[in-house]
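What's in protein.pdb: PDB, C-alpha atoms
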```pdb
ATOM      1  CA  MET A  23       0.000   0.000   0.000
ATOM      2  CA  GLN A  24       2.885   2.366   0.758
ATOM      3  CA  SER A  25       4.481   1.558  -2.577
ATOM      4  CA  LEU A  26       1.215   2.173  -4.418
ATOM      5  CA  ALA A  27       0.681   5.491  -2.635
ATOM      6  CA  GLY A  28       4.227   6.598  -3.381
ATOM      7  CA  ARG A  29       3.996   5.771  -7.080
ATOM      8  CA  ALA A  30       0.563   7.377  -7.376
ATOM      9  CA  ALA A  31       1.728  10.537  -5.601
ATOM     10  CA  HIS A  32       4.319  10.958  -8.341
ATOM     11  CA  GLU A  33       1.576  10.773 -10.979
ATOM     12  CA  ILE A  34      -0.394  13.523  -9.234
ATOM     13  CA  ARG A  35       2.411  15.941 -10.116
ATOM     14  CA  ASN A  36       1.751  15.547 -13.837
ATOM     15  CA  PRO A  37      -1.811  16.960 -13.889
ATOM     16  CA  LEU A  38      -0.803  19.602 -11.326
ATOM     17  CA  ASN A  39       2.025  20.740 -13.605
ATOM     18  CA  GLY A  40      -0.369  20.793 -16.562
ATOM     19  CA  LEU A  41      -2.859  22.773 -14.510
ATOM     20  CA  ALA A  42      -0.215  25.343 -13.556
ATOM     21  CA  VAL A  43       0.998  25.762 -17.148
ATOM     22  CA  ASN A  44      -2.499  26.266 -18.570
ATOM     23  CA  LEU A  45      -3.511  28.699 -15.841
ATOM     24  CA  GLU A  46      -0.362  30.730 -16.414
ATOM     25  CA  VAL A  47      -1.221  31.021 -20.110
ATOM     26  CA  VAL A  48      -4.741  32.173 -19.218
ATOM     27  CA  ARG A  49      -3.389  34.658 -16.656
ATOM     28  CA  SER A  50      -0.721  36.149 -18.926
ATOM     29  CA  ARG A  51      -2.990  36.463 -21.972
ATOM     30  CA  ALA A  52      -5.792  37.978 -19.949
ATOM     31  CA  ALA A  53      -3.371  40.464 -18.370
ATOM     32  CA  ARG A  54      -2.078  41.534 -21.780
ATOM     33  CA  GLY A  55      -5.505  41.510 -23.365
ATOM     34  CA  ALA A  56      -4.031  39.210 -25.995
ATOM     35  CA  GLY A  57      -6.091  36.643 -27.843
ATOM     36  CA  ASP A  58      -9.813  36.207 -28.096
ATOM     37  CA  LEU A  59     -11.977  34.486 -25.529
ATOM     38  CA  ALA A  60     -12.107  31.288 -27.579
ATOM     39  CA  SER A  61      -8.321  30.865 -27.577
ATOM     40  CA  ILE A  62      -8.102  31.589 -23.850
ATOM     41  CA  GLY A  63     -11.040  29.261 -23.245
ATOM     42  CA  ARG A  64      -9.121  26.313 -24.696
ATOM     43  CA  PHE A  65      -6.430  26.674 -22.064
ATOM     44  CA  ALA A  66      -9.038  27.123 -19.335
ATOM     45  CA  GLU A  67     -10.730  23.883 -20.437
ATOM     46  CA  SER A  68      -7.381  22.083 -20.415
ATOM     47  CA  ALA A  69      -6.720  23.380 -16.908
ATOM     48  CA  SER A  70     -10.126  22.120 -15.814
ATOM     49  CA  GLY A  71      -9.387  18.669 -17.223
ATOM     50  CA  GLU A  72      -6.037  18.515 -15.415
ATOM     51  CA  LEU A  73      -7.738  19.558 -12.180
ATOM     52  CA  GLU A  74     -10.283  16.748 -12.521
ATOM     53  CA  ARG A  75      -7.480  14.208 -13.047
ATOM     54  CA  ALA A  76      -5.593  15.449  -9.990
ATOM     55  CA  ALA A  77      -8.755  15.532  -7.863
ATOM     56  CA  GLU A  78      -9.589  11.927  -8.770
ATOM     57  CA  LEU A  79      -6.158  10.698  -7.711
ATOM     58  CA  VAL A  80      -6.129  12.742  -4.507
ATOM     59  CA  GLN A  81      -9.580  11.390  -3.623
ATOM     60  CA  ALA A  82      -8.351   7.833  -4.230
ATOM     61  CA  LEU A  83      -5.352   8.405  -1.955
ATOM     62  CA  LEU A  84      -7.602   9.825   0.758
ATOM     63  CA  GLU A  85      -9.896   6.791   0.537
ATOM     64  CA  LEU A  86      -6.919   4.474   1.016
ATOM     65  CA  ALA A  87      -5.789   6.485   4.043
ATOM     66  CA  ARG A  88      -9.110   5.873   5.792
ATOM     67  CA  PRO A  89      -9.744   2.544   7.547
ATOM     68  CA  LEU A  90     -12.380   0.361   5.943
ATOM     69  CA  ALA A  91     -15.640  -0.078   7.784
ATOM     70  CA  ALA A  92     -17.103  -3.489   8.578
ATOM     71  CA  PRO A  93     -18.792  -5.150   6.849
ATOM     72  CA  VAL A  94     -16.534  -4.410   3.898
ATOM     73  CA  ASP A  95     -17.998  -3.227   0.602
ATOM     74  CA  LEU A  96     -15.524  -4.816  -1.822
ATOM     75  CA  TRP A  97     -16.405  -2.615  -4.787
ATOM     76  CA  SER A  98     -15.798   0.573  -2.800
ATOM     77  CA  ALA A  99     -12.579  -0.871  -1.364
ATOM     78  CA  LEU A 100     -11.182  -1.808  -4.780
ATOM     79  CA  ARG A 101     -12.229   1.335  -6.675
ATOM     80  CA  PRO A 102      -9.491   3.702  -5.386
ATOM     81  CA  MET A 103      -6.805   1.067  -5.945
ATOM     82  CA  VAL A 104      -7.922   0.646  -9.559
ATOM     83  CA  ALA A 105      -7.871   4.417 -10.124
ATOM     84  CA  LEU A 106      -4.302   4.692  -8.842
ATOM     85  CA  HIS A 107      -3.015   1.609 -10.665
ATOM     86  CA  ASN A 108      -4.564   2.850 -13.894
ATOM     87  CA  ALA A 109      -2.897   6.267 -13.594
ATOM     88  CA  ILE A 110       0.468   4.593 -13.021
ATOM     89  CA  ALA A 111       0.044   2.105 -15.877
ATOM     90  CA  VAL A 112      -1.122   4.772 -18.332
ATOM     91  CA  ALA A 113       1.840   6.995 -17.443
ATOM     92  CA  GLU A 114       4.289   4.112 -17.850
ATOM     93  CA  ALA A 115       2.817   3.340 -21.263
ATOM     94  CA  GLY A 116       3.093   6.981 -22.315
ATOM     95  CA  ARG A 117      -0.610   7.323 -23.025
ATOM     96  CA  ASP A 118      -2.811  10.317 -22.357
ATOM     97  CA  PRO A 119      -5.428   9.334 -19.721
ATOM     98  CA  SER A 120      -7.560  12.325 -20.690
ATOM     99  CA  VAL A 121      -8.395  10.667 -24.021
ATOM    100  CA  GLY A 122     -11.329   8.284 -24.095
ATOM    101  CA  SER A 123     -13.211   8.762 -20.854
ATOM    102  CA  ASP A 124     -15.153   5.630 -21.784
ATOM    103  CA  GLY A 125     -12.149   3.593 -20.671
ATOM    104  CA  ALA A 126     -10.799   2.856 -24.160
ATOM    105  CA  THR A 127      -7.326   4.008 -23.148
ATOM    106  CA  ALA A 128      -7.490   2.686 -19.580
ATOM    107  CA  ALA A 129      -5.029  -0.032 -18.619
ATOM    108  CA  VAL A 130      -6.709  -1.063 -15.347
ATOM    109  CA  THR A 131     -10.491  -0.945 -15.125
ATOM    110  CA  LEU A 132     -13.249  -1.865 -12.681
ATOM    111  CA  GLU A 133     -16.591  -2.984 -14.039
ATOM    112  CA  PRO A 134     -19.657  -1.063 -12.794
ATOM    113  CA  ARG A 135     -21.256  -2.165  -9.569
ATOM    114  CA  GLY A 136     -23.996  -4.738 -10.019
ATOM    115  CA  GLY A 137     -27.278  -4.923  -8.176
ATOM    116  CA  ALA A 138     -26.286  -7.662  -5.726
ATOM    117  CA  SER A 139     -24.857  -6.969  -2.260
ATOM    118  CA  LEU A 140     -21.062  -6.905  -2.308
ATOM    119  CA  THR A 141     -20.406  -6.662   1.445
ATOM    120  CA  VAL A 142     -18.289  -9.406   2.989
ATOM    121  CA  ALA A 143     -17.511 -10.789   6.429
ATOM    122  CA  ALA A 144     -13.706 -10.735   6.188
ATOM    123  CA  ASP A 145     -11.674  -8.465   8.442
ATOM    124  CA  PRO A 146     -11.379  -5.009   6.804
ATOM    125  CA  THR A 147      -7.567  -4.976   6.916
ATOM    126  CA  VAL A 148      -7.333  -8.508   5.531
ATOM    127  CA  SER A 149      -9.798  -7.626   2.776
ATOM    128  CA  ARG A 150      -7.751  -4.598   1.751
ATOM    129  CA  ILE A 151      -4.481  -6.559   1.814
ATOM    130  CA  ALA A 152      -6.012  -9.308  -0.319
ATOM    131  CA  LEU A 153      -7.368  -6.889  -2.920
ATOM    132  CA  ALA A 154      -4.193  -4.771  -2.990
ATOM    133  CA  ALA A 155      -1.841  -7.749  -3.332
ATOM    134  CA  ALA A 156      -3.904  -9.433  -6.036
ATOM    135  CA  LEU A 157      -4.296  -6.207  -8.023
ATOM    136  CA  ASP A 158      -0.593  -5.446  -7.709
ATOM    137  CA  ALA A 159       0.280  -8.900  -9.061
ATOM    138  CA  ALA A 160      -2.143  -8.545 -11.966
ATOM    139  CA  ALA A 161      -0.878  -5.033 -12.768
ATOM    140  CA  LYS A 162       2.731  -6.216 -12.858
ATOM    141  CA  ALA A 163       1.712  -8.840 -15.425
ATOM    142  CA  ARG A 164      -0.411  -6.361 -17.402
ATOM    143  CA  THR A 165       1.814  -5.685 -20.430
ATOM    144  CA  PRO A 166       0.592  -5.865 -23.119
ATOM    145  CA  ALA A 167      -2.856  -6.773 -21.815
ATOM    146  CA  GLN A 168      -5.318  -4.792 -19.775
ATOM    147  CA  VAL A 169      -6.400  -5.712 -16.264
ATOM    148  CA  ARG A 170     -10.169  -5.972 -15.953
ATOM    149  CA  CYS A 171     -11.553  -6.187 -12.432
ATOM    150  CA  SER A 172     -15.053  -7.239 -11.485
ATOM    151  CA  ILE A 173     -16.873  -8.105  -8.266
ATOM    152  CA  GLU A 174     -20.044 -10.137  -8.229
ATOM    153  CA  ALA A 175     -22.060 -12.500  -6.085
ATOM    154  CA  ARG A 176     -21.659 -16.056  -7.291
ATOM    155  CA  ASP A 177     -24.796 -18.155  -7.424
ATOM    156  CA  ASP A 178     -23.915 -20.904  -9.902
ATOM    157  CA  GLY A 179     -22.501 -23.270  -7.298
ATOM    158  CA  GLU A 180     -19.309 -23.752  -9.314
ATOM    159  CA  GLY A 181     -16.557 -25.335  -7.255
ATOM    160  CA  GLY A 182     -18.618 -25.195  -4.094
ATOM    161  CA  ARG A 183     -18.565 -21.398  -4.098
ATOM    162  CA  ASP A 184     -22.319 -20.898  -4.285
ATOM    163  CA  GLY A 185     -23.414 -17.680  -2.597
ATOM    164  CA  GLN A 186     -19.909 -16.269  -2.152
ATOM    165  CA  VAL A 187     -18.721 -12.893  -3.398
ATOM    166  CA  VAL A 188     -15.920 -13.166  -5.921
ATOM    167  CA  ALA A 189     -13.432 -10.514  -6.976
ATOM    168  CA  MET A 190     -12.023 -11.438 -10.395
ATOM    169  CA  LEU A 191      -8.897  -9.727 -11.718
ATOM    170  CA  ARG A 192      -8.513 -10.758 -15.348
ATOM    171  CA  CYS A 193      -5.190 -10.429 -17.124
ATOM    172  CA  ALA A 194      -4.072 -12.326 -20.218
ATOM    173  CA  ALA A 195      -0.468 -12.477 -18.998
ATOM    174  CA  PRO A 196       0.520 -14.936 -16.225
ATOM    175  CA  THR A 197       0.445 -13.235 -12.836
ATOM    176  CA  PRO A 198       3.444 -13.571 -10.514
ATOM    177  CA  PRO A 199       2.863 -15.502  -7.284
ATOM    178  CA  LEU A 200       1.824 -13.592  -4.197
ATOM    179  CA  ASP A 201       4.317 -13.259  -1.399
ATOM    180  CA  ASP A 202       4.032 -16.046   1.194
ATOM    181  CA  VAL A 203       3.509 -13.482   3.962
ATOM    182  CA  VAL A 204       0.541 -12.071   2.070
ATOM    183  CA  ARG A 205      -0.868 -15.529   1.404
ATOM    184  CA  ASN A 206      -0.585 -16.456   5.074
ATOM    185  CA  THR A 207      -2.202 -13.168   6.114
ATOM    186  CA  ILE A 208      -5.269 -13.600   3.938
ATOM    187  CA  ALA A 209      -5.598 -17.363   4.326
ATOM    188  CA  GLY A 210      -8.793 -18.373   6.080
ATOM    189  CA  ASP A 211     -12.422 -19.276   5.690
ATOM    190  CA  ASP A 212     -13.434 -15.698   4.890
ATOM    191  CA  VAL A 213     -10.980 -15.168   1.996
ATOM    192  CA  VAL A 214      -9.786 -17.789  -0.487
ATOM    193  CA  LEU A 215      -7.364 -17.016  -3.328
ATOM    194  CA  GLU A 216      -7.339 -19.052  -6.525
ATOM    195  CA  SER A 217      -5.147 -18.634  -9.606
ATOM    196  CA  THR A 218      -6.764 -19.285 -12.988
ATOM    197  CA  PRO A 219      -5.514 -19.026 -16.594
ATOM    198  CA  ASP A 220      -7.453 -15.752 -16.862
ATOM    199  CA  GLY A 221      -6.115 -14.159 -13.691
ATOM    200  CA  LEU A 222      -6.710 -14.174  -9.962
ATOM    201  CA  MET A 223      -9.947 -14.881  -8.123
ATOM    202  CA  LEU A 224     -10.632 -13.905  -4.517
ATOM    203  CA  PHE A 225     -13.605 -15.564  -2.843
ATOM    204  CA  PHE A 226     -15.179 -13.900   0.200
ATOM    205  CA  ARG A 227     -17.885 -15.067   2.588
ATOM    206  CA  PRO A 228     -20.809 -12.629   2.366
ATOM    207  CA  ALA A 229     -21.565 -10.504   5.402
ATOM    208  CA  GLY A 230     -24.246 -11.929   7.670
ATOM    209  CA  ARG A 231     -23.725 -15.516   6.550
ATOM    210  CA  ASP A 232     -22.295 -18.102   8.953
TER     211      ASP A 232
END
```

As structure tokens - that is how I would like this structure written.
Amino acid sequence: MQSLAGRAAHEIRNPLNGLAVNLEVVRSRAARGAGDLASIGRFAESASGELERAAELVQALLELARPLAAPVDLWSALRPMVALHNAIAVAEAGRDPSVGSDGATAAVTLEPRGGASLTVAADPTVSRIALAAALDAAAKARTPAQVRCSIEARDDGEGGRDGQVVAMLRCAAPTPPLDDVVRNTIAGDDVVLESTPDGLMLFFRPAGRD
């Protein structure tokens, strides 16, 4: 988590620098009375876009700094991690994250929340460690594929997992093994990790179920 926060903090500087540059252009042109409103407006719009990018990353960092409440909402717990990992992956690939807000340029994505309950009984710290470690492993194996994360309630009974909540982190590339300390930390009846050809699956016991 510290490593993720440190890498993401570096990426926050990029939109802040872009924001400062665009605002300086707006300030200097307005002071000189140079250029029409349309030309100045383009830089103001760019500044606004950079501010939105920075605000999203800062909000994600703040969410990670707060302890998770029990029972844990997995989708809400994973969302800030995905936002930070995506910003890092996009920057490493040299792509512009402001292009394609529909996710076309995103490297790490989280599918929209479904209608089923996604709260689980696992300890909040263990849940966060499990999600962070699995996502980190998938992100390291990302190139050249994307990482697609989803969380859903399983009701097909496959593998004896009927009724459990599963977090699936899909990545075409093989994911590196999780550290033994992490595996031992998350091992238990409430969280089960399975590796599949498509990626990593984390199974959680739903909240309120014995």

* Which is closer to Glu85 (chain A) than all the others in A:Gly230, A:Gly40, A:Gly55, A:Pro102, using all atoms listed in the file? ->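 Ranked by minimum distance to Glu85 (chain A), first place goes to A:Pro102.
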
* Pick from A:Ala161, A:Ala99, A:Val169, A:Ala76: nearest to Ala128 (chain A), with all atoms listed in the file counted? ->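 That would be A:Val169, the residue with the smallest distance to Ala128 (chain A).
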
* Asked: Between A:Leu224, A:Ile110, A:Leu215, A:Val204, which is the closest to Arg176 (chain A) once you count all atoms listed in the file?
  -> A:Leu224

* To do: With a distance cut-off of 12 Å and all atoms listed in the file, select the neighbouring residues of Thr218 (chain A), excluding the residue or stretch itself and same-chain residues fewer than 4 positions from it, and output the selection as a list in words.
  => Ala160, Met190, Leu191, Arg192, Cys193, Ala194, Ala195, Pro196, Thr197, Pro198, Pro199, Leu222, Met223 and Leu224 of chain A

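Residues in contact with Asp95 (chain A) at up to 10 Å, not including ones fewer than 5 positions away on its chain and judged by only C-alpha atoms, are Leu90, Leu100, Ser139, Leu140, Thr141, Val142, Ala143, Pro146, Ser149, Pro228 and Ala229 of chain A.
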
With all atoms of region 88-97 of chain A from the file as input, state the centre and edge lengths in Å to one decimal of the axis-aligned box that has 5 Å extra on each side, as AutoDock Vina command-line options.
```
--center_x -14.0 --center_y 0.4 --center_z 1.9 --size_x 19.7 --size_y 21.0 --size_z 23.4
```

* Pick from A:Leu41, A:Ala111, A:Leu86, A:Val94: nearest to Ser68 (chain A), with all atoms listed in the file counted? -> A:Leu41

* Rounded to one decimal in Å, what is the spacing between CA of Ala87 (chain A) and CA of Ala155 (chain A)? ->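 Going from CA of Ala87 (chain A) over to CA of Ala155 (chain A) covers 16.5 Å.
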
* For Ala109 (chain A), which of A:Ala154, A:Cys171, A:Ala209, A:Ala31 is the closest residue, counting all atoms listed in the file? -> A:Ala31

* From the set A:Ile173, A:Lys162, A:Thr147, A:Leu84, which residue has the shortest atom-to-atom contact distance to Arg135 (chain A), counting all atoms listed in the file? -> A:Ile173

* Asked: Could you spell out the hits of the PyMOL selection byres ((chain A and resi 130) around 7) on the shown file, as a list in words?
  ->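 Answer for the PyMOL selection byres ((chain A and resi 130) around 7): Val104, His107, Asn108, Ala128, Ala129, Thr131, Gln168, Val169 and Arg170 of chain A.
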
* Please provide the set of residues having any atom within 12 Å of Ile62 (chain A), restricted to all atoms listed in the file, with same-chain residues fewer than 2 positions apart removed, written as a list in words. =>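 Neighbouring residues, sequence-local ones excluded: Asn44, Leu45, Glu46, Val47, Val48, Arg49, Ser50, Arg51, Ala52, Ala53, Arg54, Gly55, Ala56, Gly57, Asp58, Leu59, Ala60, Arg64, Phe65, Ala66, Glu67, Ser68 and Ala69 of chain A.
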
Mind telling me what the PyMOL selection byres ((chain A and resi 133) around 6) catches here, as a PDB file with C-alpha atoms, in the coordinates of the input?
```
ATOM      1  CA  LEU A 132     -13.249  -1.865 -12.681  1.00  0.00           C
ATOM      2  CA  PRO A 134     -19.657  -1.063 -12.794  1.00  0.00           C
ATOM      3  CA  SER A 172     -15.053  -7.239 -11.485  1.00  0.00           C
TER       4      SER A 172
END
```

How would region 191-202 of chain A read, as a CSV table (one decimal), keeping the file's coordinate frame, once all heavy atoms are built in?
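Written file, rebuild_21.csv:
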```csv
chain,number,residue,atom,x,y,z
A,191,LEU,N,-9.8,-10.6,-11.1
A,191,LEU,CA,-8.9,-9.7,-11.7
A,191,LEU,C,-8.3,-10.4,-12.9
A,191,LEU,O,-7.4,-11.3,-12.8
A,191,LEU,CB,-7.8,-9.3,-10.7
A,191,LEU,CG,-8.2,-8.4,-9.6
A,191,LEU,CD1,-9.1,-9.1,-8.6
A,191,LEU,CD2,-6.9,-7.8,-8.9
A,192,ARG,N,-8.9,-10.1,-14.1
A,192,ARG,CA,-8.5,-10.8,-15.3
A,192,ARG,C,-7.3,-10.1,-16.0
A,192,ARG,O,-7.3,-8.9,-16.2
A,192,ARG,CB,-9.7,-10.7,-16.3
A,192,ARG,CG,-10.9,-11.4,-15.8
A,192,ARG,CD,-12.1,-11.3,-16.8
A,192,ARG,NE,-13.3,-12.0,-16.3
A,192,ARG,CZ,-14.2,-11.4,-15.5
A,192,ARG,NH1,-14.0,-10.2,-15.1
A,192,ARG,NH2,-15.2,-12.0,-15.1
A,193,CYS,N,-6.4,-10.9,-16.4
A,193,CYS,CA,-5.2,-10.4,-17.1
A,193,CYS,C,-4.7,-11.6,-18.0
A,193,CYS,O,-4.5,-12.7,-17.5
A,193,CYS,CB,-4.1,-10.0,-16.1
A,193,CYS,SG,-2.7,-9.3,-16.9
A,194,ALA,N,-4.5,-11.3,-19.3
A,194,ALA,CA,-4.1,-12.3,-20.2
A,194,ALA,C,-2.7,-12.9,-19.9
A,194,ALA,O,-2.4,-14.0,-20.2
A,194,ALA,CB,-4.1,-11.8,-21.7
A,195,ALA,N,-1.8,-12.0,-19.3
A,195,ALA,CA,-0.5,-12.5,-19.0
A,195,ALA,C,-0.5,-13.2,-17.7
A,195,ALA,O,-1.3,-12.9,-16.8
A,195,ALA,CB,0.5,-11.3,-18.9
A,196,PRO,N,0.4,-14.2,-17.5
A,196,PRO,CA,0.5,-14.9,-16.2
A,196,PRO,C,0.9,-14.0,-15.1
A,196,PRO,O,1.7,-13.1,-15.2
A,196,PRO,CB,1.7,-15.9,-16.5
A,196,PRO,CG,1.8,-16.1,-17.9
A,196,PRO,CD,1.4,-14.7,-18.5
A,197,THR,N,0.2,-14.1,-14.0
A,197,THR,CA,0.4,-13.2,-12.8
A,197,THR,C,1.5,-13.8,-11.9
A,197,THR,O,1.5,-15.1,-11.7
A,197,THR,CB,-0.8,-13.0,-12.0
A,197,THR,OG1,-1.4,-14.3,-11.6
A,197,THR,CG2,-1.9,-12.2,-12.8
A,198,PRO,N,2.4,-13.0,-11.4
A,198,PRO,CA,3.4,-13.6,-10.5
A,198,PRO,C,2.8,-14.0,-9.2
A,198,PRO,O,1.8,-13.6,-8.8
A,198,PRO,CB,4.4,-12.4,-10.3
A,198,PRO,CG,3.5,-11.2,-10.5
A,198,PRO,CD,2.5,-11.6,-11.6
A,199,PRO,N,3.4,-15.0,-8.5
A,199,PRO,CA,2.9,-15.5,-7.3
A,199,PRO,C,2.9,-14.4,-6.2
A,199,PRO,O,3.8,-13.6,-6.1
A,199,PRO,CB,3.8,-16.7,-6.9
A,199,PRO,CG,5.1,-16.4,-7.6
A,199,PRO,CD,4.7,-15.6,-8.9
A,200,LEU,N,1.9,-14.5,-5.3
A,200,LEU,CA,1.8,-13.6,-4.2
A,200,LEU,C,2.8,-14.0,-3.2
A,200,LEU,O,3.2,-15.2,-3.0
A,200,LEU,CB,0.4,-13.6,-3.6
A,200,LEU,CG,-0.6,-12.5,-4.1
A,200,LEU,CD1,-0.8,-12.8,-5.6
A,200,LEU,CD2,-1.8,-12.6,-3.3
A,201,ASP,N,3.4,-13.0,-2.5
A,201,ASP,CA,4.3,-13.3,-1.4
A,201,ASP,C,3.7,-14.2,-0.3
A,201,ASP,O,2.5,-14.1,0.0
A,201,ASP,CB,4.7,-11.9,-0.8
A,201,ASP,CG,5.8,-12.1,0.3
A,201,ASP,OD1,5.4,-12.3,1.5
A,201,ASP,OD2,7.0,-12.0,0.0
A,202,ASP,N,4.5,-15.1,0.2
A,202,ASP,CA,4.0,-16.0,1.2
A,202,ASP,C,3.4,-15.3,2.4
A,202,ASP,O,2.5,-15.8,3.0
A,202,ASP,CB,5.2,-17.0,1.6
A,202,ASP,CG,5.5,-18.0,0.6
A,202,ASP,OD1,4.7,-18.2,-0.3
A,202,ASP,OD2,6.6,-18.6,0.6
```
